[in-house]
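A.B. asks: My file is query.tsv. It has TSV, C-alpha atoms:
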chain	number	residue	atom	x	y	z
A	1	MET	CA	-25.08	-4.68	-5.99
A	2	THR	CA	-24.43	-4.86	-2.27
A	3	PHE	CA	-21.45	-3.93	-0.18
A	4	ARG	CA	-20.44	-5.59	3.03
A	5	HIS	CA	-19.96	-2.93	5.63
A	6	ARG	CA	-16.51	-1.83	6.53
A	7	PRO	CA	-15.63	1.61	7.89
A	8	TYR	CA	-13.43	2.95	5.11
A	9	ALA	CA	-12.25	5.97	7.03
A	10	CYS	CA	-8.86	7.28	7.96
A	11	VAL	CA	-8.28	7.83	11.65
A	12	ALA	CA	-6.28	10.61	13.19
A	13	ALA	CA	-2.72	9.82	14.16
A	14	VAL	CA	-2.28	9.12	17.83
A	15	THR	CA	0.66	8.59	20.12
A	16	LEU	CA	1.19	4.91	20.75
A	17	PRO	CA	1.15	4.11	24.48
A	18	LEU	CA	3.44	1.59	26.08
A	19	LEU	CA	1.36	-1.52	26.61
A	20	ALA	CA	1.91	-3.87	29.47
A	21	ALA	CA	3.35	-7.24	28.50
A	22	PRO	CA	5.37	-10.07	30.03
A	23	SER	CA	9.10	-9.49	30.22
A	24	ILE	CA	11.29	-11.01	27.52
A	25	SER	CA	12.46	-14.46	28.52
A	26	ALA	CA	16.00	-15.74	28.66
A	27	ALA	CA	15.16	-17.99	25.73
A	28	GLN	CA	14.14	-15.00	23.64
A	29	SER	CA	17.33	-13.23	24.63
A	30	ALA	CA	19.45	-16.20	23.65
A	31	ALA	CA	17.57	-16.52	20.36
A	32	THR	CA	18.98	-13.20	19.18
A	33	GLY	CA	22.49	-14.55	19.56
A	34	LEU	CA	23.54	-11.19	20.99
A	35	GLY	CA	23.59	-12.07	24.67
A	36	GLN	CA	20.93	-9.50	25.57
A	37	PRO	CA	17.19	-9.13	25.15
A	38	TYR	CA	15.81	-7.73	21.93
A	39	PRO	CA	14.25	-5.28	21.90
A	40	ASN	CA	15.38	-3.66	25.14
A	41	LYS	CA	14.45	-0.08	24.18
A	42	PRO	CA	11.84	1.65	21.97
A	43	VAL	CA	11.71	0.60	18.33
A	44	ARG	CA	11.01	3.20	15.65
A	45	ILE	CA	9.13	2.40	12.45
A	46	ILE	CA	9.37	5.03	9.71
A	47	VAL	CA	6.33	5.63	7.51
A	48	CYS	CA	6.75	7.65	4.32
A	49	PHE	CA	3.33	9.28	4.35
A	50	PRO	CA	1.54	11.66	6.73
A	51	PRO	CA	-0.45	10.87	9.88
A	52	GLY	CA	-3.90	9.51	9.07
A	53	SER	CA	-2.78	8.01	5.75
A	54	SER	CA	-3.36	4.35	4.95
A	55	PRO	CA	0.26	3.30	5.66
A	56	ASP	CA	0.19	5.22	8.96
A	57	ILE	CA	-2.95	3.35	9.99
A	58	ILE	CA	-1.41	-0.01	9.01
A	59	ALA	CA	1.81	0.80	10.89
A	60	ARG	CA	-0.09	1.67	14.06
A	61	ILE	CA	-2.17	-1.50	13.97
A	62	VAL	CA	0.91	-3.70	13.64
A	63	SER	CA	2.99	-1.63	16.08
A	64	ASN	CA	0.41	-1.86	18.83
A	65	LYS	CA	0.49	-5.64	18.58
A	66	LEU	CA	4.29	-5.77	18.58
A	67	MET	CA	4.32	-3.58	21.69
A	68	SER	CA	2.06	-6.05	23.48
A	69	GLN	CA	4.37	-8.89	22.44
A	70	TRP	CA	7.61	-7.13	23.36
A	71	GLY	CA	6.69	-4.96	26.30
A	72	GLN	CA	8.59	-2.14	24.59
A	73	GLN	CA	7.30	1.09	23.14
A	74	MET	CA	7.11	1.53	19.36
A	75	ILE	CA	7.32	4.96	17.77
A	76	VAL	CA	5.55	5.49	14.46
A	77	ASP	CA	7.67	8.17	12.80
A	78	THR	CA	5.88	9.73	9.81
A	79	ARG	CA	8.26	11.28	7.26
A	80	PRO	CA	6.11	12.40	4.29
A	81	GLY	CA	7.37	14.04	1.15
A	82	ALA	CA	9.08	13.52	-2.20
A	83	ALA	CA	7.02	10.41	-3.05
A	84	GLY	CA	8.47	8.55	-0.09
A	85	ILE	CA	12.12	9.44	-0.67
A	86	ILE	CA	12.44	11.40	2.58
A	87	GLY	CA	11.26	8.51	4.72
A	88	VAL	CA	13.24	5.86	2.87
A	89	GLU	CA	16.44	7.90	3.15
A	90	ALA	CA	15.89	8.34	6.89
A	91	ALA	CA	15.58	4.58	7.30
A	92	LYS	CA	18.56	3.91	5.04
A	93	ASN	CA	20.79	6.17	7.13
A	94	ALA	CA	19.65	4.76	10.49
A	95	THR	CA	21.93	2.58	12.58
A	96	PRO	CA	21.29	-1.03	11.47
A	97	ASP	CA	20.66	-2.40	14.94
A	98	GLY	CA	17.01	-3.45	14.69
A	99	TYR	CA	15.71	-0.33	16.40
A	100	THR	CA	14.71	1.46	13.19
A	101	LEU	CA	12.40	-0.22	10.71
A	102	LEU	CA	10.73	0.95	7.50
A	103	LEU	CA	7.11	0.41	6.53
A	104	ALA	CA	7.00	1.04	2.78
A	105	GLY	CA	4.95	0.01	-0.19
A	106	ALA	CA	4.45	0.08	-3.92
A	107	THR	CA	5.40	3.71	-4.45
A	108	GLU	CA	8.72	3.62	-2.59
A	109	LEU	CA	9.85	0.09	-3.45
A	110	ALA	CA	8.35	-0.52	-6.89
A	111	SER	CA	7.14	2.58	-8.76
A	112	MET	CA	10.02	4.90	-7.91
A	113	PRO	CA	12.78	2.36	-8.73
A	114	ALA	CA	10.94	1.30	-11.91
A	115	LEU	CA	10.21	4.76	-13.29
A	116	ARG	CA	13.03	6.97	-12.04
A	117	SER	CA	16.61	6.54	-13.25
A	118	LYS	CA	18.26	8.12	-10.19
A	119	LEU	CA	17.29	7.64	-6.57
A	120	PRO	CA	19.22	8.34	-3.36
A	121	TYR	CA	18.57	4.76	-2.29
A	122	ASP	CA	18.65	1.25	-3.71
A	123	ALA	CA	15.50	-0.51	-2.61
A	124	ASP	CA	17.20	-3.92	-2.85
A	125	LYS	CA	20.73	-3.24	-1.62
A	126	ASP	CA	19.97	-0.78	1.18
A	127	PHE	CA	17.29	-2.84	2.92
A	128	ILE	CA	16.48	-6.34	4.11
A	129	ALA	CA	12.92	-7.25	3.15
A	130	LEU	CA	11.17	-8.88	6.13
A	131	THR	CA	7.57	-9.45	5.04
A	132	ARG	CA	4.60	-7.85	3.38
A	133	VAL	CA	2.07	-7.12	6.10
A	134	ALA	CA	-1.07	-5.92	4.31
A	135	SER	CA	-2.59	-5.20	0.93
A	136	VAL	CA	-5.71	-3.48	-0.40
A	137	ALA	CA	-7.11	-3.81	-3.91
A	138	TYR	CA	-8.02	-0.55	-5.62
A	139	VAL	CA	-11.47	0.13	-7.02
A	140	ILE	CA	-12.36	1.69	-10.36
A	141	ALA	CA	-14.94	4.40	-9.78
A	142	VAL	CA	-16.84	6.54	-12.25
A	143	HIS	CA	-19.14	9.54	-12.18
A	144	PRO	CA	-22.75	8.28	-12.34
A	145	SER	CA	-23.51	10.51	-15.34
A	146	LEU	CA	-21.00	8.56	-17.43
A	147	GLY	CA	-23.61	5.85	-17.87
A	148	VAL	CA	-21.25	2.86	-17.49
A	149	ASN	CA	-21.86	-0.08	-15.18
A	150	ASN	CA	-18.76	-2.21	-15.66
A	151	VAL	CA	-15.27	-2.28	-17.17
A	152	SER	CA	-16.58	-3.52	-20.50
A	153	ASP	CA	-18.85	-0.45	-20.73
A	154	LEU	CA	-15.96	1.85	-19.83
A	155	VAL	CA	-13.68	0.34	-22.47
A	156	LYS	CA	-16.39	0.61	-25.13
A	157	LEU	CA	-17.00	4.25	-24.27
A	158	ALA	CA	-13.29	5.04	-24.30
A	159	LYS	CA	-12.95	3.45	-27.73
A	160	ALA	CA	-15.88	5.48	-29.00
A	161	ARG	CA	-14.40	8.68	-27.55
A	162	PRO	CA	-10.62	8.28	-27.84
A	163	GLY	CA	-8.69	10.79	-25.74
A	164	GLN	CA	-11.86	12.40	-24.44
A	165	LEU	CA	-12.24	10.64	-21.09
A	166	ASN	CA	-10.13	11.99	-18.24
A	167	TYR	CA	-9.00	10.07	-15.20
A	168	GLY	CA	-7.49	11.41	-12.01
A	169	SER	CA	-4.61	10.04	-9.98
A	170	SER	CA	-2.78	10.89	-6.77
A	171	GLY	CA	0.28	11.91	-8.80
A	172	ASN	CA	2.64	10.93	-11.60
A	173	GLY	CA	3.94	7.40	-11.12
A	174	SER	CA	1.56	6.68	-8.25
A	175	GLY	CA	-0.21	3.36	-7.98
A	176	THR	CA	-3.44	5.02	-9.07
A	177	HIS	CA	-1.70	6.38	-12.17
A	178	ILE	CA	-0.23	2.97	-13.01
A	179	GLY	CA	-3.59	1.29	-12.44
A	180	ALA	CA	-5.42	3.52	-14.90
A	181	GLU	CA	-2.68	3.10	-17.47
A	182	MET	CA	-3.01	-0.68	-17.11
A	183	LEU	CA	-6.62	-0.22	-18.15
A	184	ASN	CA	-5.45	1.77	-21.19
A	185	VAL	CA	-2.90	-0.88	-22.17
A	186	LEU	CA	-5.03	-3.98	-21.57
A	187	GLY	CA	-8.21	-2.39	-22.91
A	188	GLY	CA	-6.51	-0.95	-25.99
A	189	VAL	CA	-7.83	2.53	-25.28
A	190	LYS	CA	-6.50	6.03	-24.70
A	191	THR	CA	-7.75	8.11	-21.79
A	192	MET	CA	-6.15	11.28	-20.48
A	193	HIS	CA	-4.26	11.54	-17.20
A	194	VAL	CA	-4.93	14.39	-14.77
A	195	PRO	CA	-2.48	14.17	-11.82
A	196	TYR	CA	-3.43	15.58	-8.42
A	197	LYS	CA	-1.56	16.16	-5.19
A	198	GLY	CA	-3.38	13.36	-3.43
A	199	ALA	CA	-6.29	11.02	-4.05
A	200	SER	CA	-8.79	13.10	-2.08
A	201	LEU	CA	-8.45	16.02	-4.51
A	202	ALA	CA	-8.99	13.71	-7.48
A	203	ILE	CA	-12.08	12.21	-5.88
A	204	THR	CA	-13.48	15.69	-5.26
A	205	ASP	CA	-13.18	16.48	-8.97
A	206	LEU	CA	-14.72	13.12	-9.86
A	207	ILE	CA	-17.73	13.95	-7.70
A	208	VAL	CA	-18.32	17.25	-9.51
A	209	GLY	CA	-17.72	15.69	-12.93
A	210	GLN	CA	-14.42	17.38	-13.81
A	211	ILE	CA	-12.95	13.94	-14.49
A	212	GLN	CA	-14.80	10.80	-15.56
A	213	PHE	CA	-13.14	7.97	-13.64
A	214	ILE	CA	-10.45	7.08	-11.14
A	215	VAL	CA	-8.53	4.07	-9.85
A	216	ALA	CA	-8.24	4.63	-6.11
A	217	SER	CA	-8.20	3.15	-2.63
A	218	PRO	CA	-11.60	2.03	-1.37
A	219	ILE	CA	-10.73	3.65	1.95
A	220	PHE	CA	-11.29	7.05	0.32
A	221	VAL	CA	-13.91	6.08	-2.27
A	222	MET	CA	-16.51	4.05	-0.39
A	223	PRO	CA	-18.04	6.83	1.73
A	224	HIS	CA	-18.89	8.69	-1.49
A	225	VAL	CA	-20.23	5.51	-3.08
A	226	ARG	CA	-22.60	4.99	-0.16
A	227	ALA	CA	-23.74	8.59	-0.53
A	228	GLY	CA	-24.49	8.01	-4.23
A	229	ARG	CA	-22.00	10.60	-5.44
A	230	ILE	CA	-19.84	8.15	-7.42
A	231	LYS	CA	-20.16	4.55	-8.56
A	232	VAL	CA	-17.73	1.62	-8.27
A	233	ILE	CA	-17.61	-0.63	-11.34
A	234	ALA	CA	-14.70	-2.97	-10.51
A	235	THR	CA	-11.98	-3.96	-8.08
A	236	THR	CA	-8.38	-4.46	-9.16
A	237	GLY	CA	-7.23	-7.62	-7.40
A	238	ALA	CA	-6.61	-10.86	-9.29
A	239	THR	CA	-10.01	-12.08	-8.04
A	240	ARG	CA	-13.06	-10.47	-6.48
A	241	ASP	CA	-12.56	-8.63	-3.22
A	242	ALA	CA	-14.01	-10.54	-0.27
A	243	PHE	CA	-15.36	-7.26	1.11
A	244	LEU	CA	-17.10	-6.29	-2.14
A	245	PRO	CA	-18.23	-9.69	-3.40
A	246	ASP	CA	-20.83	-8.36	-5.83
A	247	VAL	CA	-18.33	-6.09	-7.60
A	248	PRO	CA	-16.50	-7.85	-10.47
A	249	ALA	CA	-12.72	-7.81	-10.67
A	250	ALA	CA	-11.40	-5.89	-13.66
A	251	ALA	CA	-9.45	-9.05	-14.54
A	252	GLU	CA	-12.73	-10.76	-15.40
A	253	THR	CA	-12.94	-8.43	-18.41
A	254	LEU	CA	-9.25	-7.64	-18.92
A	255	PRO	CA	-7.15	-10.73	-18.08
A	256	GLY	CA	-3.91	-9.83	-16.35
A	257	PHE	CA	-5.28	-6.67	-14.74
A	258	GLU	CA	-4.02	-6.71	-11.16
A	259	THR	CA	-2.83	-3.82	-9.04
A	260	GLY	CA	-3.38	-2.27	-5.64
A	261	LEU	CA	-1.87	-0.94	-2.46
A	262	TRP	CA	0.52	-3.00	-0.37
A	263	TRP	CA	2.88	-2.40	2.51
A	264	GLY	CA	5.69	-4.34	4.07
A	265	ILE	CA	8.36	-3.98	6.72
A	266	SER	CA	12.07	-3.82	5.98
A	267	ALA	CA	15.21	-3.26	8.05
A	268	PRO	CA	18.36	-1.37	7.07
A	269	VAL	CA	20.98	-3.56	5.46
A	270	LYS	CA	23.58	-4.96	7.88
A	271	THR	CA	21.01	-5.41	10.62
A	272	PRO	CA	22.34	-8.50	12.47
A	273	VAL	CA	20.95	-11.76	11.13
A	274	PRO	CA	19.73	-13.00	14.55
A	275	ILE	CA	17.71	-9.79	14.99
A	276	VAL	CA	16.34	-10.08	11.45
A	277	LYS	CA	15.15	-13.61	12.20
A	278	SER	CA	13.63	-12.54	15.51
A	279	LEU	CA	11.91	-9.53	13.91
A	280	HIS	CA	10.48	-11.62	11.10
A	281	ALA	CA	9.04	-14.19	13.50
A	282	ASP	CA	7.51	-11.53	15.74
A	283	ILE	CA	5.98	-9.55	12.85
A	284	ILE	CA	4.42	-12.71	11.41
A	285	LYS	CA	3.03	-13.57	14.84
A	286	ALA	CA	1.53	-10.08	15.04
A	287	THR	CA	-0.02	-9.95	11.57
A	288	GLN	CA	-1.51	-13.42	11.86
A	289	SER	CA	-3.15	-12.77	15.22
A	290	ALA	CA	-6.93	-12.67	15.13
A	291	ASP	CA	-7.22	-9.13	16.46
A	292	VAL	CA	-4.75	-7.63	13.97
A	293	ARG	CA	-6.37	-9.44	11.07
A	294	GLU	CA	-9.75	-8.09	12.21
A	295	GLN	CA	-8.42	-4.52	12.52
A	296	LEU	CA	-6.82	-4.71	9.07
A	297	ALA	CA	-10.05	-6.09	7.62
A	298	LYS	CA	-11.92	-3.06	8.97
A	299	GLN	CA	-9.61	-0.96	6.80
A	300	GLY	CA	-10.33	-3.19	3.81
A	301	ALA	CA	-6.87	-4.76	4.06
A	302	THR	CA	-5.77	-8.38	3.84
A	303	ALA	CA	-3.01	-9.52	6.20
A	304	HIS	CA	0.02	-11.33	4.79
A	305	ALA	CA	2.69	-13.63	6.17
A	306	GLU	CA	5.68	-14.09	3.87
A	307	SER	CA	9.28	-15.15	4.20
A	308	PRO	CA	11.92	-12.51	3.44
A	309	GLY	CA	12.61	-14.30	0.15
A	310	GLU	CA	8.96	-14.33	-0.82
A	311	TYR	CA	8.57	-10.64	-0.02
A	312	ALA	CA	11.70	-9.71	-1.98
A	313	ALA	CA	10.44	-11.73	-4.97
A	314	PHE	CA	7.04	-10.03	-4.75
A	315	ILE	CA	8.67	-6.58	-4.80
A	316	LYS	CA	10.69	-7.57	-7.87
A	317	THR	CA	7.59	-8.82	-9.69
A	318	GLU	CA	5.67	-5.63	-8.89
A	319	ARG	CA	8.57	-3.48	-10.07
A	320	GLU	CA	8.80	-5.38	-13.35
A	321	ARG	CA	5.04	-5.04	-13.89
A	322	ILE	CA	5.17	-1.27	-13.32
A	323	ALA	CA	8.26	-0.86	-15.50
A	324	ARG	CA	6.52	-2.73	-18.33
A	325	VAL	CA	3.48	-0.46	-18.18
A	326	GLY	CA	5.76	2.57	-17.90
A	327	ARG	CA	7.60	1.61	-21.08
A	328	GLN	CA	4.37	0.96	-22.98
A	329	VAL	CA	2.81	4.33	-22.19
A	330	GLY	CA	5.95	6.41	-21.66
A	331	ILE	CA	5.76	7.10	-17.92
A	332	THR	CA	8.99	8.43	-16.38
A	333	LEU	CA	9.58	10.35	-13.17
A	334	ASP	CA	12.88	12.05	-14.11
Would you mind giving the structure from this file in structure tokens?
C.D. replies:
Amino acid sequence: MTFRHRPYACVAAVTLPLLAAPSISAAQSAATGLGQPYPNKPVRIIVCFPPGSSPDIIARIVSNKLMSQWGQQMIVDTRPGAAGIIGVEAAKNATPDGYTLLLAGATELASMPALRSKLPYDADKDFIALTRVASVAYVIAVHPSLGVNNVSDLVKLAKARPGQLNYGSSGNGSGTHIGAEMLNVLGGVKTMHVPYKGASLAITDLIVGQIQFIVASPIFVMPHVRAGRIKVIATTGATRDAFLPDVPAAAETLPGFETGLWWGISAPVKTPVPIVKSLHADIIKATQSADVREQLAKQGATAHAESPGEYAAFIKTERERIARVGRQVGITLD
């Protein structure tokens, strides 16, 4: 099979410079309904994972474009830790004036609320969903010595060796954990979970054969695939990934299999409605620009443009999907 080139590689975090842009017009000022331009000072966007992570990269791509549109600096504020709780709490407690935003994804808005009974935030009540900005399908990768070439082979092997195949994840309740358990549920098999403190550690053990397969981001997996150290047998979107057209989607073998990474932007609740409307319009303009779409594509990501209602409904659907898998296999984070 062939892979279309894309540089699946994390980049180092960098300070975002203030980009030159036209001044905000009187019409834009009036559109906020607040009698003053928005934004008229730096805007902070909180990311719940460390510099160089996928969400940090996504945030910087979108922020650079917003800076060029606004003529105001954007600060990407990484607050890693506690499966996203630290960053989400920081955004929750920020002044709801449009100058602090949250870029969050499946872990913070879907997995944690679905699998943990107590959280210091309510993902629905504490935030206003603006739009999903990007998504990336996972890949299912195996050690070459396993001798499987597709999901059907993996399921057959797991049925022949119940409880003997191990898979790695980036932690309990993570998207990679949920993805592998979806394979267990839909394939009617039992494989054993080995949680790691991050996907890179799991991939390292996959390379040396300590675990047999993993569901993970292609950003981390593809360099090792190209080097022949591991093998990709499927992607996890509803249909084939445009960047890996020769790799079948797992759903072709296991109908209903769909999972992956996604990120969206939210604002603290009580952010003024005129600013929410202005933010939504500007973020959509940014994510649908040709240069941002191209930059996201280089990271293997698909750009999105959704209404606040559509994004909120998507989050709810994802949460219900994760909760259903959690109940079936007994995943809890308490």
A.B. asks: Please measure the separation of atom CA of A:Lys125 and atom CA of A:Pro50, giving the value in Å to one decimal.
C.D. replies: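 Between atom CA of A:Lys125 and atom CA of A:Pro50 the gap is 25.7 Å.
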A.B. asks: Which of these, A:Ile230, A:Val273, A:Ala249, A:Leu66, has the shortest distance to A:Val148 once you count all atoms listed in the file?
C.D. replies: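 Looking at the shortest contact to A:Val148, the residue is A:Ile230.
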A.B. asks: Do you know which residues are at most 9 Å from A:Ile178 counting all atoms listed in the file, after dropping those on the same chain fewer than 4 positions away, and could you put them as an mmCIF file with C-alpha atoms, in the coordinates of the input?
C.D. replies:
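Saved result, around_30.cif, follows:
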data_model
loop_
_atom_site.group_PDB
_atom_site.id
_atom_site.type_symbol
_atom_site.label_atom_id
_atom_site.label_comp_id
_atom_site.auth_asym_id
_atom_site.auth_seq_id
_atom_site.Cartn_x
_atom_site.Cartn_y
_atom_site.Cartn_z
ATOM 1 C CA SER A 111 7.140 2.580 -8.760
ATOM 2 C CA SER A 169 -4.610 10.040 -9.980
ATOM 3 C CA ASN A 172 2.640 10.930 -11.600
ATOM 4 C CA GLY A 173 3.940 7.400 -11.120
ATOM 5 C CA SER A 174 1.560 6.680 -8.250
ATOM 6 C CA MET A 182 -3.010 -0.680 -17.110
ATOM 7 C CA LEU A 183 -6.620 -0.220 -18.150
ATOM 8 C CA VAL A 215 -8.530 4.070 -9.850
ATOM 9 C CA THR A 259 -2.830 -3.820 -9.040
ATOM 10 C CA ILE A 322 5.170 -1.270 -13.320
ATOM 11 C CA VAL A 325 3.480 -0.460 -18.180
ATOM 12 C CA GLY A 326 5.760 2.570 -17.900
ATOM 13 C CA ILE A 331 5.760 7.100 -17.920
#
A.B. asks: Rank nothing, just name the residue among A:Asp126, A:Glu181, A:Glu108, A:Asp282 nearest to A:Ala267, using all atoms listed in the file.
C.D. replies: A:Asp126
A.B. asks: Leaving out A:Ser217 and any residue of its chain fewer than 5 positions from it, which residues lie within 8 Å of it when counting all atoms listed in the file, given as an MDAnalysis selection string?
C.D. replies: chainID A and resid 136:139 260:261
A.B. asks: Can you pull out the residues contacting A:Ala180? Cut-off 8 Å, using all atoms listed in the file, and skip same-chain residues under 4 positions away; I want them as a PyMOL selection string.
C.D. replies: chain A and resi 167+176+184+214-215
A.B. asks: Between A:Val142, A:Ala110, A:Leu102, A:Val62, which has the minimum distance to A:His304 (counting all atoms listed in the file)?
C.D. replies: A:Val62
A.B. asks: Using all atoms listed in the file, find the one residue out of A:Val194, A:Ile85, A:Cys48, A:Leu154 that sits nearest to A:Ser170.
C.D. replies: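 Using all atoms listed in the file, A:Ser170 sits closest to A:Val194.
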A.B. asks: Counting all atoms listed in the file, which residue out of A:Val76, A:Ile140, A:Ala134, A:Ile315 sits closest to A:Ala297?
C.D. replies: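 Closest candidate: A:Ala134.
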A.B. asks: Please determine, counting only C-alpha atoms, which residue among A:Gly98, A:Pro39, A:Pro55, A:Gly71 has the shortest atom-to-atom distance to A:Gln299.
C.D. replies: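 Checking each of A:Gly98, A:Pro39, A:Pro55, A:Gly71 against A:Gln299, counting only C-alpha atoms, the winner is A:Pro55.
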A.B. asks: Distance atom CA of A:Ile45-atom CA of A:Trp262, one decimal place?
C.D. replies: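 Atom CA of A:Trp262 lies at a distance of 16.4 Å from atom CA of A:Ile45.
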A.B. asks: How many Å separate atom CA of A:Leu206 from atom CA of A:Gln295?
C.D. replies: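 Going from atom CA of A:Leu206 over to atom CA of A:Gln295, I get 29.2 Å.
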A.B. asks: Starting from the point (20.2, -4.3, 21.1), work out which residues of protein, DNA or RNA have an atom no more than 9 Å away when counting only C-alpha atoms; state them as an NGL selection string.
C.D. replies: :A and (34 or 36-41 or 97-99 or 275)
A.B. asks: Would you pick out the contacts of A:Glu89 at 12 Å or less, using only C-alpha atoms, so that residues sharing its chain but fewer than 5 positions from it are not included, and give the list as an MDAnalysis selection string?
C.D. replies: chainID A and resid 46:48 79:84 94 101:102 104 108 119:123 126:127 268
